[in-house]
Every structure is written in C-alpha cells, then in structure tokens.
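Novice: mmCIF, C-alpha atoms, file query.cif:
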data_data
#
loop_
_atom_site.label_atom_id
_atom_site.label_comp_id
_atom_site.auth_asym_id
_atom_site.auth_seq_id
_atom_site.Cartn_x
_atom_site.Cartn_y
_atom_site.Cartn_z
CA MET A 1 -25.13 42.55 34.71
CA SER A 2 -23.55 43.71 37.91
CA ARG A 3 -20.50 45.93 37.80
CA ARG A 4 -18.44 43.34 39.67
CA LEU A 5 -19.36 40.54 37.23
CA ARG A 6 -18.66 42.82 34.24
CA LEU A 7 -15.22 43.79 35.60
CA GLY A 8 -14.43 40.13 36.30
CA SER A 9 -15.43 39.16 32.74
CA GLN A 10 -13.34 41.96 31.28
CA GLY A 11 -10.36 40.91 33.40
CA LEU A 12 -10.73 37.30 32.25
CA ALA A 13 -10.97 38.41 28.60
CA LEU A 14 -7.87 40.59 28.99
CA ALA A 15 -5.95 37.69 30.57
CA LEU A 16 -6.99 35.41 27.70
CA VAL A 17 -5.85 37.94 25.08
CA ALA A 18 -2.54 38.42 26.92
CA GLY A 19 -2.04 34.64 27.02
CA LEU A 20 -2.73 34.28 23.30
CA LEU A 21 -0.36 37.14 22.54
CA ALA A 22 2.35 35.47 24.63
CA LEU A 23 1.78 32.21 22.73
CA LEU A 24 2.04 34.02 19.41
CA VAL A 25 5.30 35.70 20.42
CA TRP A 26 6.69 32.35 21.58
CA LYS A 27 5.72 30.67 18.27
CA VAL A 28 7.38 33.44 16.25
CA ALA A 29 10.54 33.18 18.35
CA HIS A 30 10.54 29.35 18.21
CA PRO A 31 9.24 28.35 14.77
CA ASN A 32 9.00 24.69 13.82
CA HIS A 33 12.11 23.67 11.97
CA VAL A 34 11.31 22.34 8.52
CA PRO A 35 14.28 20.15 7.64
CA LYS A 36 16.59 21.02 4.79
CA GLY A 37 19.05 18.73 3.11
CA THR A 38 18.50 15.00 3.48
CA ALA A 39 15.03 13.88 4.50
CA PRO A 40 15.03 12.46 8.05
CA ASN A 41 15.06 8.68 7.77
CA PHE A 42 12.52 6.44 9.44
CA THR A 43 11.42 2.84 9.56
CA LEU A 44 7.68 2.48 10.14
CA PRO A 45 5.19 -0.42 9.95
CA ARG A 46 2.81 -0.67 7.02
CA LEU A 47 -0.87 0.00 7.69
CA SER A 48 -2.01 -2.58 5.17
CA GLY A 49 -0.19 -5.83 4.76
CA SER A 50 2.82 -6.68 6.83
CA GLY A 51 6.36 -5.46 7.19
CA GLU A 52 7.95 -2.06 7.45
CA ILE A 53 9.16 0.64 5.09
CA GLU A 54 12.43 2.46 5.60
CA LEU A 55 12.63 5.77 3.76
CA ALA A 56 16.32 5.19 2.95
CA SER A 57 15.36 1.99 1.09
CA LEU A 58 13.56 4.16 -1.47
CA ARG A 59 16.75 5.93 -2.62
CA GLY A 60 16.87 6.01 -6.38
CA LYS A 61 13.18 6.83 -6.53
CA ALA A 62 11.41 10.15 -6.10
CA VAL A 63 9.18 10.12 -3.03
CA VAL A 64 6.02 12.12 -2.37
CA LEU A 65 5.74 11.94 1.42
CA ASN A 66 2.24 12.84 2.65
CA PHE A 67 1.59 13.22 6.38
CA ALA A 68 -2.07 12.58 7.18
CA ALA A 69 -4.46 11.37 9.87
CA SER A 70 -7.82 9.61 9.61
CA TRP A 71 -9.60 12.38 11.54
CA CYS A 72 -8.25 15.14 9.27
CA VAL A 73 -10.96 16.40 6.87
CA PRO A 74 -8.52 17.90 4.29
CA CYS A 75 -6.58 14.59 4.36
CA LYS A 76 -9.76 12.78 3.31
CA GLN A 77 -10.31 15.29 0.51
CA GLU A 78 -6.79 14.99 -0.91
CA ALA A 79 -6.51 11.17 -0.68
CA PRO A 80 -7.98 10.61 -4.18
CA LEU A 81 -5.53 13.13 -5.62
CA PHE A 82 -2.54 11.25 -4.17
CA GLU A 83 -4.01 7.95 -5.39
CA GLY A 84 -4.17 9.46 -8.89
CA LEU A 85 -0.57 10.68 -8.66
CA TRP A 86 0.54 7.22 -7.52
CA ARG A 87 -1.19 5.52 -10.46
CA ARG A 88 0.16 8.08 -12.93
CA TYR A 89 3.79 8.31 -11.79
CA ARG A 90 4.75 4.98 -10.18
CA SER A 91 5.95 3.53 -13.47
CA ARG A 92 8.34 6.51 -13.74
CA GLY A 93 10.08 5.79 -10.43
CA VAL A 94 7.87 7.82 -8.09
CA VAL A 95 6.63 6.47 -4.77
CA VAL A 96 3.72 8.14 -3.03
CA LEU A 97 4.09 7.28 0.65
CA GLY A 98 1.44 8.14 3.21
CA ILE A 99 2.28 8.49 6.91
CA ASP A 100 -0.63 8.16 9.32
CA ALA A 101 0.52 10.08 12.41
CA LYS A 102 -1.00 10.99 15.77
CA ASP A 103 -3.78 8.52 15.14
CA PHE A 104 -5.03 5.07 16.15
CA ARG A 105 -3.81 2.17 14.00
CA GLY A 106 -7.35 0.83 13.41
CA ASP A 107 -8.57 4.26 12.32
CA GLY A 108 -5.61 4.55 9.94
CA ARG A 109 -6.39 1.15 8.42
CA SER A 110 -10.03 2.16 7.97
CA PHE A 111 -8.90 5.40 6.30
CA VAL A 112 -6.81 3.43 3.79
CA ARG A 113 -9.68 1.02 3.05
CA ARG A 114 -12.41 3.70 2.90
CA HIS A 115 -10.46 5.80 0.41
CA ARG A 116 -9.29 2.77 -1.61
CA ILE A 117 -5.65 3.79 -1.22
CA THR A 118 -3.24 1.47 -3.02
CA TYR A 119 -0.04 3.44 -2.47
CA PRO A 120 2.05 2.45 0.57
CA PHE A 121 0.86 3.88 3.87
CA VAL A 122 2.81 3.55 7.11
CA TYR A 123 1.86 4.12 10.74
CA ASP A 124 3.46 6.62 13.14
CA GLY A 125 0.84 6.62 15.89
CA PRO A 126 2.80 8.62 18.47
CA GLY A 127 3.92 11.09 15.81
CA ARG A 128 7.69 10.74 16.23
CA MET A 129 8.21 12.08 12.69
CA TYR A 130 5.98 15.09 13.39
CA ASP A 131 8.77 17.05 15.10
CA ARG A 132 11.57 15.63 12.96
CA TYR A 133 9.86 17.05 9.87
CA GLY A 134 8.74 20.26 11.59
CA LEU A 135 5.06 19.74 10.89
CA THR A 136 2.60 22.38 11.98
CA GLY A 137 -0.55 20.38 11.28
CA PHE A 138 -2.17 17.95 8.87
CA PRO A 139 -1.86 17.42 6.02
CA GLU A 140 1.65 18.30 4.91
CA THR A 141 3.56 16.97 1.92
CA PHE A 142 7.28 16.70 1.24
CA PHE A 143 9.01 15.84 -2.03
CA VAL A 144 12.20 13.81 -1.74
CA GLY A 145 14.64 13.48 -4.64
CA ARG A 146 16.27 10.25 -5.81
CA THR A 147 19.32 10.98 -3.64
CA GLY A 148 17.23 11.44 -0.49
CA LYS A 149 17.35 15.24 -0.47
CA LEU A 150 14.25 17.28 0.29
CA VAL A 151 13.35 19.32 -2.77
CA ALA A 152 9.97 20.86 -1.83
CA HIS A 153 7.37 21.13 0.91
CA ILE A 154 3.67 21.98 0.84
CA PRO A 155 2.22 22.84 4.24
CA GLY A 156 -1.52 22.25 4.22
CA ALA A 157 -3.91 20.53 1.87
CA VAL A 158 -3.23 19.82 -1.78
CA GLY A 159 -6.15 20.35 -4.15
CA ARG A 160 -6.77 19.93 -7.86
CA HIS A 161 -5.71 23.55 -8.42
CA ASP A 162 -2.27 22.60 -6.99
CA LEU A 163 -1.63 19.81 -9.52
CA PRO A 164 0.65 21.84 -11.82
CA ARG A 165 2.83 22.81 -8.83
CA VAL A 166 2.80 19.25 -7.44
CA GLU A 167 3.78 17.79 -10.81
CA GLY A 168 6.58 20.35 -11.06
CA TYR A 169 7.86 19.22 -7.65
CA ILE A 170 7.66 15.58 -8.79
CA ARG A 171 9.74 16.43 -11.87
CA ARG A 172 12.25 18.23 -9.62
CA ALA A 173 12.42 15.18 -7.32
CA LEU A 174 12.96 12.88 -10.31
CA SER A 175 15.85 14.99 -11.56
CA SER A 176 17.65 15.33 -8.21
#
Represent the structure of the file as structure tokens.

Specialist:
Amino acid sequence: MSRRLRLGSQGLALALVAGLLALLVWKVAHPNHVPKGTAPNFTLPRLSGSGEIELASLRGKAVVLNFAASWCVPCKQEAPLFEGLWRRYRSRGVVVLGIDAKDFRGDGRSFVRRHRITYPFVYDGPGRMYDRYGLTGFPETFFVGRTGKLVAHIPGAVGRHDLPRVEGYIRRALSS
C-alpha cells in the first residue's frame, strides 16, 4: 500500500472516529426525554378491524403499551409473551395495546396475523408517538396506571426472564 493511500485511509478513519465521538457527545447532552406523569394521549387507527383507539378512553384500566414494528426481530420474539399477558390479565382490567410505528400499514397487518395477535394493535406509520414517548428504538414498553399516569418503562425487548418484573409493573399499574 502506498504511503499516500495509507495516510489518506488513516485520515478518513480519524475523521470517522471524531464524527462518532461528536455524535456521542451530542446524544449525552440531548438525551431522549422519556415522559413522566400522564402518558401522552393519542388517537390511532386499528391495524385489524376498523375504527380508532384513543389512549384516554382506556382510563380506569391498566395499559401495557408496547411499541413495535414488523421489521423488528425482538418485537417478533416478544409478541407471544404479550399475547399471553393479554389473555391472562384482560379479565382483571388490563389492556395490552400494541403500537406499530415507523412501518408500512400492510406489513403491520401481516405482523398481527402472522403472530396471531388478538390484543388491540394500532398504527402510527410516521412514528408521531416515537418522539412524544422518547423512544430510542424498538421494542419499548410502557405501563400506564388506571388514572393515565406512567408507572414504569422497559426500554428494549421483554423476554420470559422479565415476566416477574413485568407482572410487578402490571400490579403497580392496576393499583394506581
């Protein structure tokens, strides 16, 4: 490799590292704001069936709000877990609500069908709720109490090993 090419490559690598460092510093100085207090309200269309769901209409129930996308591998892996939670807790006043965001509507519908999801799933294609909830990626899950207050947040995937913590958050949401 010629000296000139090697120096050019090293300069490019140094510029890339400097750019990544600048991005890291910016992210630390400007973190996503995870909401506190009342969960940001929304009205979004259902992915299966017709009509819309407004979060505020679910007051009086505990809500497990799961942000997902059809292209997200961990979302596919946790879908059966949320289906199980829905079947187990819906008779106790818990609503599991999926939000398909930053996705195509048809892909979201296929995701719901493929994973045999029976809990309500709404569509936020452009991802308007992404910033309002301070998401950093997919999946993320929020727990909303009966009064509409946020009681817990799990950034990232939920697995079987997380069930005790998830069920504790559901109990907290039911009691608040």

Novice: In Å, with one decimal, what is the gap from atom CA of Ala157 of chain A to atom CA of Phe82 of chain A?

Specialist: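 These atoms are spaced 11.2 Å apart.
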
Novice: Once the PyMOL selection byres ((chain A and resi 141-155) around 10) has been applied to the shown file, what residues remain in the selection, as a ChimeraX atom specification?

Specialist: /A:34-41,55-68,93-99,133,135-140,156-158,162,165-166,168-176

Novice: To one decimal place, how far is atom CA of Arg105 of chain A from atom CA of Asp124 of chain A in Å?

Specialist: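 It comes out at 8.6 Å.
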
Novice: Taking the point (-11.9, 7.7, -4.4) as given in the file, collect each protein or nucleic acid residue that comes within 12 Å of it, counting all atoms listed in the file, and present the set as number ranges by chain.

Specialist: A: 76-84, 111-118

Novice: On this file, the PyMOL selection byres ((chain A and resi 46-51) around 6) gives some set of residues; write that set as an NGL selection string.

Specialist: :A and (45 or 52 or 109 or 121-123)

Novice: Limited to C-alpha atoms, could you put the picked residues into a file as an mmCIF file, keeping the file's coordinate frame?

Specialist:
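Output (again08.cif):
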data_model
loop_
_atom_site.group_PDB
_atom_site.id
_atom_site.type_symbol
_atom_site.label_atom_id
_atom_site.label_comp_id
_atom_site.auth_asym_id
_atom_site.auth_seq_id
_atom_site.Cartn_x
_atom_site.Cartn_y
_atom_site.Cartn_z
ATOM 1 C CA PRO A 45 5.190 -0.420 9.950
ATOM 2 C CA GLU A 52 7.950 -2.060 7.450
ATOM 3 C CA ARG A 109 -6.390 1.150 8.420
ATOM 4 C CA PHE A 121 0.860 3.880 3.870
ATOM 5 C CA VAL A 122 2.810 3.550 7.110
ATOM 6 C CA TYR A 123 1.860 4.120 10.740
#

Novice: One decimal, Å: what's the distance from atom CA of Glu54 of chain A over to atom CA of Phe42 of chain A, could you say?

Specialist: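 Those two atoms sit 5.5 Å apart.
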
Novice: Using only C-alpha atoms for the distances, tell me which of A:Lys102, A:Arg128, A:Arg87, A:Arg4 is nearest to Leu44 of chain A.

Specialist: A:Arg128

Novice: Because the input lacks atoms here, generate N, CA and C atoms for segment 72-83 of chain A and report them as a short mmCIF file (atom, residue, chain, number, x, y, z; two decimals), keeping the file's coordinate frame.

Specialist:
data_model
loop_
_atom_site.label_atom_id
_atom_site.label_comp_id
_atom_site.auth_asym_id
_atom_site.auth_seq_id
_atom_site.Cartn_x
_atom_site.Cartn_y
_atom_site.Cartn_z
N CYS A 72 -8.53 13.88 9.95
CA CYS A 72 -8.25 15.14 9.27
C CYS A 72 -9.13 15.27 8.01
N VAL A 73 -10.04 16.23 8.00
CA VAL A 73 -10.96 16.40 6.87
C VAL A 73 -10.21 16.71 5.57
N PRO A 74 -9.23 17.66 5.54
CA PRO A 74 -8.52 17.90 4.29
C PRO A 74 -7.74 16.67 3.81
N CYS A 75 -7.29 15.82 4.74
CA CYS A 75 -6.58 14.59 4.36
C CYS A 75 -7.52 13.68 3.57
N LYS A 76 -8.77 13.60 4.00
CA LYS A 76 -9.76 12.78 3.31
C LYS A 76 -10.02 13.33 1.91
N GLN A 77 -10.03 14.65 1.79
CA GLN A 77 -10.31 15.29 0.51
C GLN A 77 -9.16 15.12 -0.48
N GLU A 78 -7.92 15.09 0.02
CA GLU A 78 -6.79 14.99 -0.91
C GLU A 78 -6.37 13.55 -1.20
N ALA A 79 -6.89 12.57 -0.47
CA ALA A 79 -6.51 11.17 -0.68
C ALA A 79 -6.71 10.72 -2.13
N PRO A 80 -7.83 11.03 -2.78
CA PRO A 80 -7.98 10.61 -4.18
C PRO A 80 -6.94 11.25 -5.11
N LEU A 81 -6.54 12.46 -4.80
CA LEU A 81 -5.53 13.13 -5.62
C LEU A 81 -4.19 12.38 -5.54
N PHE A 82 -3.80 11.98 -4.32
CA PHE A 82 -2.54 11.25 -4.17
C PHE A 82 -2.63 9.86 -4.79
N GLU A 83 -3.82 9.25 -4.72
CA GLU A 83 -4.01 7.95 -5.39
C GLU A 83 -3.81 8.12 -6.90
#
